[in-house]
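input24.cif (mmCIF, C-alpha atoms)
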data_coords
#
loop_
_atom_site.label_atom_id
_atom_site.label_comp_id
_atom_site.auth_asym_id
_atom_site.auth_seq_id
_atom_site.Cartn_x
_atom_site.Cartn_y
_atom_site.Cartn_z
CA MET X 21 8.67 8.85 -21.87
CA THR X 22 6.56 8.04 -18.80
CA LYS X 23 4.29 5.76 -20.85
CA LEU X 24 7.31 3.93 -22.28
CA LEU X 25 8.74 3.44 -18.79
CA LEU X 26 5.42 2.14 -17.44
CA SER X 27 5.07 -0.20 -20.43
CA GLY X 28 8.56 -1.53 -19.79
CA ILE X 29 7.79 -2.19 -16.13
CA LEU X 30 4.51 -3.91 -17.01
CA LEU X 31 6.28 -6.09 -19.55
CA LEU X 32 9.00 -7.04 -17.09
CA CYS X 33 6.38 -7.91 -14.48
CA SER X 34 4.63 -10.22 -16.92
CA PHE X 35 7.75 -12.37 -17.31
CA SER X 36 8.70 -12.51 -13.62
CA PHE X 37 7.54 -15.92 -12.48
CA PHE X 38 10.43 -17.74 -10.82
CA GLY X 39 12.96 -16.43 -8.36
CA GLN X 40 14.41 -16.77 -4.92
CA SER X 41 12.62 -15.93 -1.69
CA LEU X 42 14.39 -13.19 0.27
CA ASP X 43 13.94 -11.58 3.67
CA THR X 44 13.42 -7.81 3.56
CA LEU X 45 12.89 -5.26 0.81
CA PHE X 46 14.19 -1.93 2.14
CA VAL X 47 12.38 0.89 0.36
CA THR X 48 15.12 3.36 1.31
CA LYS X 49 17.65 1.32 -0.69
CA CYS X 50 15.64 1.13 -3.92
CA GLN X 51 17.52 4.05 -5.50
CA ASP X 52 20.87 2.46 -4.70
CA ILE X 53 21.84 0.51 -7.83
CA ASN X 54 24.59 -1.29 -5.92
CA TRP X 55 21.87 -2.78 -3.71
CA THR X 56 19.12 -3.36 -6.28
CA SER X 57 21.52 -4.98 -8.76
CA GLN X 58 21.71 -7.99 -6.44
CA TYR X 59 18.10 -8.89 -7.24
CA ARG X 60 16.04 -9.96 -10.22
CA ASN X 61 12.46 -9.02 -11.05
CA SER X 62 11.43 -12.58 -10.25
CA ASP X 63 12.75 -12.44 -6.68
CA ARG X 64 10.18 -12.27 -3.90
CA PHE X 65 10.54 -10.79 -0.42
CA LYS X 66 9.01 -11.83 2.89
CA THR X 67 8.84 -8.30 4.33
CA ILE X 68 8.76 -4.73 3.04
CA LYS X 69 10.19 -1.97 5.23
CA PHE X 70 8.99 1.57 4.48
CA GLU X 71 10.69 4.96 4.88
CA ASP X 72 8.99 5.62 8.23
CA GLY X 73 10.50 2.46 9.72
CA SER X 74 7.27 0.46 9.69
CA SER X 75 7.08 -2.88 7.94
CA ILE X 76 4.49 -5.33 6.65
CA ASN X 77 5.02 -9.04 6.15
CA LEU X 78 3.96 -11.27 3.32
CA ASP X 79 0.46 -12.62 4.08
CA GLY X 80 -0.10 -9.58 6.28
CA PHE X 81 -2.95 -7.15 5.71
CA ILE X 82 -3.16 -3.56 4.52
CA LYS X 83 -6.35 -1.50 4.42
CA ILE X 84 -7.85 -0.11 1.24
CA GLY X 85 -8.63 3.57 1.79
CA LYS X 86 -10.76 5.66 -0.53
CA PRO X 87 -10.31 6.87 -4.13
CA SER X 88 -8.19 9.99 -4.43
CA GLY X 89 -10.75 11.54 -6.77
CA THR X 90 -8.46 11.89 -9.78
CA ASN X 91 -9.94 9.02 -11.77
CA SER X 92 -13.61 8.41 -12.57
CA SER X 93 -15.90 6.48 -14.89
CA GLN X 94 -19.58 6.42 -15.76
CA VAL X 95 -21.90 3.62 -14.71
CA VAL X 96 -25.16 3.22 -16.63
CA ASN X 97 -28.05 1.61 -14.75
CA THR X 98 -30.71 0.52 -17.23
CA GLY X 99 -34.29 0.27 -16.01
CA LEU X 100 -37.44 -0.93 -17.72
CA PHE X 101 -38.51 2.53 -18.89
CA ASN X 102 -35.46 4.70 -18.37
CA SER X 103 -31.79 4.62 -17.49
CA THR X 104 -29.62 6.62 -15.13
CA VAL X 105 -25.97 7.54 -15.44
CA GLN X 106 -23.87 7.71 -12.29
CA GLN X 107 -20.34 9.00 -11.92
CA GLN X 108 -18.15 6.48 -10.10
CA ASN X 109 -14.84 7.38 -8.51
CA ASN X 110 -12.09 4.87 -9.16
CA PHE X 111 -8.74 4.44 -7.48
CA SER X 112 -5.80 5.98 -9.33
CA TYR X 113 -2.90 3.92 -7.97
CA LEU X 114 -4.53 0.49 -7.56
CA MET X 115 -5.41 -1.68 -10.55
CA LEU X 116 -7.35 -4.90 -10.89
CA GLY X 117 -5.28 -7.94 -11.84
CA ARG X 118 -1.56 -8.27 -12.29
CA MET X 119 0.55 -5.69 -14.08
CA GLY X 120 1.49 -8.06 -16.88
CA MET X 121 -2.17 -8.39 -17.88
CA ALA X 122 -2.33 -4.64 -18.53
CA MET X 123 -0.08 -5.15 -21.56
CA MET X 124 -2.89 -7.07 -23.24
CA GLY X 125 -6.11 -5.52 -21.99
CA GLY X 126 -5.14 -2.14 -20.56
CA ILE X 127 -5.40 -0.96 -16.99
CA THR X 128 -8.67 -1.38 -15.09
CA TYR X 129 -8.55 0.64 -11.91
CA LEU X 130 -9.96 -0.57 -8.62
CA PRO X 131 -13.62 0.52 -8.22
CA GLU X 132 -14.84 2.59 -5.29
CA ASN X 133 -17.01 -0.18 -3.84
CA LEU X 134 -13.90 -1.97 -2.53
CA LYS X 135 -12.89 0.89 -0.23
CA GLY X 136 -12.48 0.14 3.46
CA LEU X 137 -11.68 -3.54 2.97
CA ASP X 138 -8.62 -5.36 4.25
CA ALA X 139 -6.30 -6.61 1.52
CA LYS X 140 -3.90 -9.50 1.98
CA ILE X 141 -0.35 -9.00 0.66
CA ILE X 142 0.39 -12.01 -1.54
CA GLU X 143 3.58 -10.76 -3.25
CA ILE X 144 6.35 -8.30 -2.44
CA LYS X 145 8.88 -7.79 -5.21
CA LEU X 146 11.39 -5.38 -6.67
CA VAL X 147 10.98 -4.38 -10.33
CA HIS X 148 13.76 -2.79 -12.35
CA SER X 149 12.95 0.10 -14.68
CA GLY X 150 15.22 -1.28 -17.41
CA LEU X 151 16.11 -4.64 -18.89
CA SER X 152 19.30 -4.81 -16.83
CA LYS X 153 19.64 -5.40 -13.11
CA ASN X 154 21.93 -2.35 -13.13
CA SER X 155 18.97 0.02 -13.35
CA LEU X 156 16.81 1.85 -10.85
CA ALA X 157 14.10 -0.26 -9.25
CA GLY X 158 10.95 0.15 -7.22
CA PRO X 159 8.87 -2.03 -4.90
CA VAL X 160 5.69 -3.64 -6.20
CA LEU X 161 2.94 -5.00 -3.97
CA ILE X 162 0.37 -7.52 -5.15
CA LEU X 163 -2.75 -7.72 -3.00
CA GLU X 164 -5.79 -9.96 -2.75
CA ILE X 165 -9.27 -8.79 -1.77
CA ASN X 166 -11.98 -11.46 -1.60
CA ARG X 167 -10.06 -13.55 -4.18
CA VAL X 168 -9.62 -10.51 -6.43
CA THR X 169 -5.99 -9.72 -7.34
CA VAL X 170 -4.93 -6.07 -7.09
CA SER X 171 -1.61 -4.49 -8.13
CA VAL X 172 -0.29 -1.35 -6.45
CA LEU X 173 1.02 0.90 -9.24
CA ASN X 174 2.71 3.40 -6.92
CA TYR X 175 2.75 2.59 -3.20
CA LYS X 176 4.04 6.03 -2.17
CA LEU X 177 1.30 7.99 -3.95
CA ALA X 178 -1.27 5.43 -2.80
CA PHE X 179 -0.26 6.14 0.82
CA GLU X 180 -0.02 9.92 0.35
CA ASN X 181 -3.47 10.14 -1.26
CA GLY X 182 -5.16 7.81 1.22
CA GLU X 183 -5.84 4.99 -1.23
CA LEU X 184 -3.83 2.62 0.96
CA ILE X 185 -3.57 2.75 4.75
CA ASN X 186 -0.56 1.19 6.43
CA PRO X 187 -1.82 -0.30 9.73
CA ASN X 188 1.73 -0.40 11.11
CA ARG X 189 2.75 3.19 10.38
CA PRO X 190 3.90 5.34 13.30
CA MET X 191 1.24 7.50 14.92
CA ASN X 192 1.34 11.17 13.90
CA ARG X 193 1.16 14.10 16.33
CA SER X 194 -2.57 14.79 15.93
CA GLU X 195 -3.44 11.13 16.46
CA ALA X 196 -1.23 10.95 19.55
CA ILE X 197 -2.87 14.04 21.09
CA ALA X 198 -6.33 12.61 20.43
CA ALA X 199 -5.33 9.28 21.98
CA LEU X 200 -3.89 11.02 25.04
CA LYS X 201 -7.10 13.03 25.53
CA GLU X 202 -9.07 9.80 25.33
CA GLN X 203 -6.86 8.25 28.00
CA LYS X 204 -7.37 11.32 30.22
CA ASP X 205 -11.14 10.97 29.85
CA LEU X 206 -10.90 7.32 30.85
CA LEU X 207 -8.83 8.31 33.89
CA ASP X 208 -11.38 10.94 34.92
CA LEU X 209 -14.15 8.36 34.60
CA GLY X 210 -12.23 5.92 36.76
CA MET X 211 -11.94 3.41 33.91
CA ILE X 212 -8.13 3.20 34.17
CA THR X 213 -5.66 3.77 37.00
CA ASN X 214 -3.28 6.71 37.26
CA GLU X 215 -0.40 4.29 36.70
CA GLN X 216 -1.96 3.05 33.45
CA TYR X 217 -2.51 6.64 32.33
CA GLU X 218 1.09 7.66 33.04
CA THR X 219 2.39 4.62 31.16
CA LYS X 220 0.27 5.50 28.12
CA LYS X 221 1.22 9.17 28.40
CA LYS X 222 4.91 8.29 28.30
CA GLU X 223 4.31 6.06 25.28
CA LEU X 224 2.39 8.76 23.37
CA SER X 225 4.63 11.68 24.30
CA LYS X 226 7.34 10.66 21.83
CA PHE X 227 4.89 11.30 18.98
CA ILE X 228 3.81 14.72 20.30
CA LYS X 229 7.18 16.41 20.86
#

Take the structure in this file and express it as structure tokens.
Amino acid sequence: MTKLLLSGILLLCSFSFFGQSLDTLFVTKCQDINWTSQYRNSDRFKTIKFEDGSSINLDGFIKIGKPSGTNSSQVVNTGLFNSTVQQQNNFSYLMLGRMGMAMMGGITYLPENLKGLDAKIIEIKLVHSGLSKNSLAGPVLILEINRVTVSVLNYKLAFENGELINPNRPMNRSEAIAALKEQKDLLDLGMITNEQYETKKKELSKFIK
């Protein structure tokens, strides 16, 4: 069933070329058929707004994290007298190329050597799970890394497993505490004023409570 659903989504993506340009894709509304039924697979959005309230714009950048370790392949390095086999970790939720191409050649996952790079968001769209607009839909991000096109198969799992890093996400509690300690060290060293420290403390406190 899952394979059939994925195949359907890939097929729909392959035929989505022309559509209107819209403002914001709200991830929290993607399970609301009354909202998603307004849009076609070919429609493109200028901004995507995530569940945590953060957003990223078209032509903005998102960082590639590291492979989640659930997908690997072997790389054979052939020498003059012998060869070595290395295990290479691949990304599980990021694929090379556009989704429609996977219908013809299968999915090629992003290799590990692209980790840590900044990827430009070149498309933000909503893809329906069925042939009708009156079906559940999910956001799809198309990225570009050094002129290489990358499709995000599941943005939520990519974030949760560290394969994608949202630069605009809210700071978590641990990060806020670490940042506050750093500011205190700077204050003790005389690198910032007490007023600057208190301003930063007030800003960070909302993430610590």

Selection near segment 66-71 of chain X, 8 Å with all atoms listed in the file, sequence-local residues under 4 positions removed, as number ranges by chain:
X: 41-48, 75-78, 144

Tell me, as an mmCIF file with C-alpha atoms, keeping the file's coordinate frame, which residues lie within 6 Å of Ile82 of chain X, counting all atoms listed in the file; anything in the same chain fewer than 5 positions away does not count.
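Result file is out15.cif:
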data_model
loop_
_atom_site.group_PDB
_atom_site.id
_atom_site.type_symbol
_atom_site.label_atom_id
_atom_site.label_comp_id
_atom_site.auth_asym_id
_atom_site.auth_seq_id
_atom_site.Cartn_x
_atom_site.Cartn_y
_atom_site.Cartn_z
ATOM 1 C CA ASP X 138 -8.620 -5.360 4.250
ATOM 2 C CA ALA X 139 -6.300 -6.610 1.520
ATOM 3 C CA ASN X 186 -0.560 1.190 6.430
#

Best match for closeness to Leu200 of chain X among X:Tyr175, X:Tyr59, X:Phe227, X:Phe111, counting only C-alpha atoms
X:Phe227

Computed gap from atom CA of Gln203 of chain X to atom CA of Gly182 of chain X is 26.8 Å

Can you pull out every residue within 12 Å of Val172 of chain X, counting all atoms listed in the file, but drop anything in the same chain fewer than 3 positions away, and send it as a PyMOL selection string?
chain X and resi 30+82+84+111-119+127+129-130+139+141-145+158-164+169+175-179+183-184

For Asn61 of chain X: contacts at 7 Å, only C-alpha atoms, fewer than 4 positions along chain excluded, given as a PyMOL selection string
chain X and resi 36+145-148

Here's the selection I'm unsure about, the PyMOL selection byres ((chain X and resi 154) around 10); applied to the file above, which residues does it give, as a PyMOL selection string?
chain X and resi 52-59+148-153+155-157

When you look at segment 214-218 of chain X with a cut-off of 12 Å (counting all atoms listed in the file), what residues show up, excluding the ones that are within fewer than 3 positions of it in the same chain? I need them as a VMD selection string.
chain X and resid 199 to 211 221 to 225

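Distance-wise, atom CA of Lys226 of chain X and atom CA of Lys83 of chain X end up 25.3 Å apart.
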
Output as lines of an AutoDock Vina configuration file the centre and edge lengths (Å, one decimal) of the box along x, y and z of the file that holds every listed atom of segment 59-72 of chain X after adding 4 Å on each side.
center_x = 13.4
center_y = -3.5
center_z = -1.4
size_x = 17.3
size_y = 26.2
size_z = 27.3

Just how far from atom CA of Ile185 of chain X is atom CA of Ile165 of chain X, in Å to one decimal?
14.4 Å

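Closest approach to Ser62 of chain X from the set X:Ser88, X:Ser74, X:Thr128, X:Gln40 is made by X:Gln40, with distances taken over only C-alpha atoms.
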
Expand the PyMOL selection byres ((chain X and resi 190-194) around 6) into the individual residues it matches in the shown file, reporting them as a ChimeraX atom specification.
/X:189,195-197,227-228

Go ahead and save the residues from that selection, with C-alpha atoms, as a PDB file, keeping the file's coordinate frame.
ATOM      1  CA  ARG X 189       2.750   3.190  10.380  1.00  0.00           C
ATOM      2  CA  GLU X 195      -3.440  11.130  16.460  1.00  0.00           C
ATOM      3  CA  ALA X 196      -1.230  10.950  19.550  1.00  0.00           C
ATOM      4  CA  ILE X 197      -2.870  14.040  21.090  1.00  0.00           C
ATOM      5  CA  PHE X 227       4.890  11.300  18.980  1.00  0.00           C
ATOM      6  CA  ILE X 228       3.810  14.720  20.300  1.00  0.00           C
TER       7      ILE X 228
END

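With all atoms listed in the file as the atoms that count, the minimum distance from Asn109 of chain X to the choices X:Lys86, X:Arg167, X:Arg64, X:Lys229 is reached by X:Lys86.
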
Repaired coordinates for segment 141-166 of chain X (N, CA and C atoms) as a short mmCIF file (atom, residue, chain, number, x, y, z; two decimals), keeping the file's coordinate frame:
data_model
loop_
_atom_site.label_atom_id
_atom_site.label_comp_id
_atom_site.auth_asym_id
_atom_site.auth_seq_id
_atom_site.Cartn_x
_atom_site.Cartn_y
_atom_site.Cartn_z
N ILE X 141 -1.54 -9.16 1.52
CA ILE X 141 -0.35 -9.00 0.66
C ILE X 141 0.12 -10.39 0.24
N ILE X 142 0.02 -10.67 -1.06
CA ILE X 142 0.39 -12.01 -1.54
C ILE X 142 1.73 -12.02 -2.27
N GLU X 143 2.25 -10.84 -2.63
CA GLU X 143 3.58 -10.76 -3.25
C GLU X 143 4.23 -9.43 -2.91
N ILE X 144 5.53 -9.50 -2.62
CA ILE X 144 6.35 -8.30 -2.44
C ILE X 144 7.57 -8.50 -3.34
N LYS X 145 7.75 -7.62 -4.30
CA LYS X 145 8.88 -7.79 -5.21
C LYS X 145 9.48 -6.45 -5.61
N LEU X 146 10.66 -6.54 -6.21
CA LEU X 146 11.39 -5.38 -6.67
C LEU X 146 11.44 -5.45 -8.19
N VAL X 147 11.01 -4.38 -8.86
CA VAL X 147 10.98 -4.38 -10.33
C VAL X 147 11.91 -3.30 -10.87
N HIS X 148 12.81 -3.72 -11.75
CA HIS X 148 13.76 -2.79 -12.35
C HIS X 148 13.10 -2.00 -13.48
N SER X 149 13.53 -0.76 -13.64
CA SER X 149 12.95 0.10 -14.68
C SER X 149 13.50 -0.20 -16.06
N GLY X 150 14.62 -0.92 -16.13
CA GLY X 150 15.22 -1.28 -17.41
C GLY X 150 15.37 -2.78 -17.54
N LEU X 151 15.93 -3.21 -18.66
CA LEU X 151 16.11 -4.64 -18.89
C LEU X 151 17.25 -5.22 -18.07
N SER X 152 18.15 -4.36 -17.60
CA SER X 152 19.30 -4.81 -16.83
C SER X 152 19.04 -4.68 -15.34
N LYS X 153 19.72 -5.53 -14.56
CA LYS X 153 19.64 -5.40 -13.11
C LYS X 153 20.35 -4.13 -12.64
N ASN X 154 21.22 -3.58 -13.48
CA ASN X 154 21.93 -2.35 -13.13
C ASN X 154 21.10 -1.13 -13.52
N SER X 155 19.87 -1.10 -13.09
CA SER X 155 18.97 0.02 -13.35
C SER X 155 18.17 0.30 -12.09
N LEU X 156 17.60 1.49 -12.01
CA LEU X 156 16.81 1.85 -10.85
C LEU X 156 15.62 0.89 -10.71
N ALA X 157 15.18 0.70 -9.49
CA ALA X 157 14.10 -0.26 -9.25
C ALA X 157 13.14 0.30 -8.21
N GLY X 158 11.96 -0.28 -8.19
CA GLY X 158 10.95 0.15 -7.22
C GLY X 158 10.18 -1.04 -6.70
N PRO X 159 9.63 -0.92 -5.48
CA PRO X 159 8.87 -2.03 -4.90
C PRO X 159 7.49 -2.15 -5.54
N VAL X 160 7.03 -3.37 -5.68
CA VAL X 160 5.69 -3.64 -6.20
C VAL X 160 4.97 -4.56 -5.23
N LEU X 161 3.76 -4.18 -4.86
CA LEU X 161 2.94 -5.00 -3.97
C LEU X 161 1.77 -5.58 -4.75
N ILE X 162 1.53 -6.87 -4.56
CA ILE X 162 0.37 -7.52 -5.15
C ILE X 162 -0.55 -7.93 -3.99
N LEU X 163 -1.80 -7.50 -4.07
CA LEU X 163 -2.75 -7.72 -3.00
C LEU X 163 -3.87 -8.67 -3.44
N GLU X 164 -4.62 -9.14 -2.46
CA GLU X 164 -5.79 -9.96 -2.75
C GLU X 164 -6.94 -9.51 -1.86
N ILE X 165 -8.08 -9.21 -2.49
CA ILE X 165 -9.27 -8.79 -1.77
C ILE X 165 -10.42 -9.71 -2.19
N ASN X 166 -10.88 -10.54 -1.28
CA ASN X 166 -11.98 -11.46 -1.60
C ASN X 166 -11.71 -12.23 -2.90
#
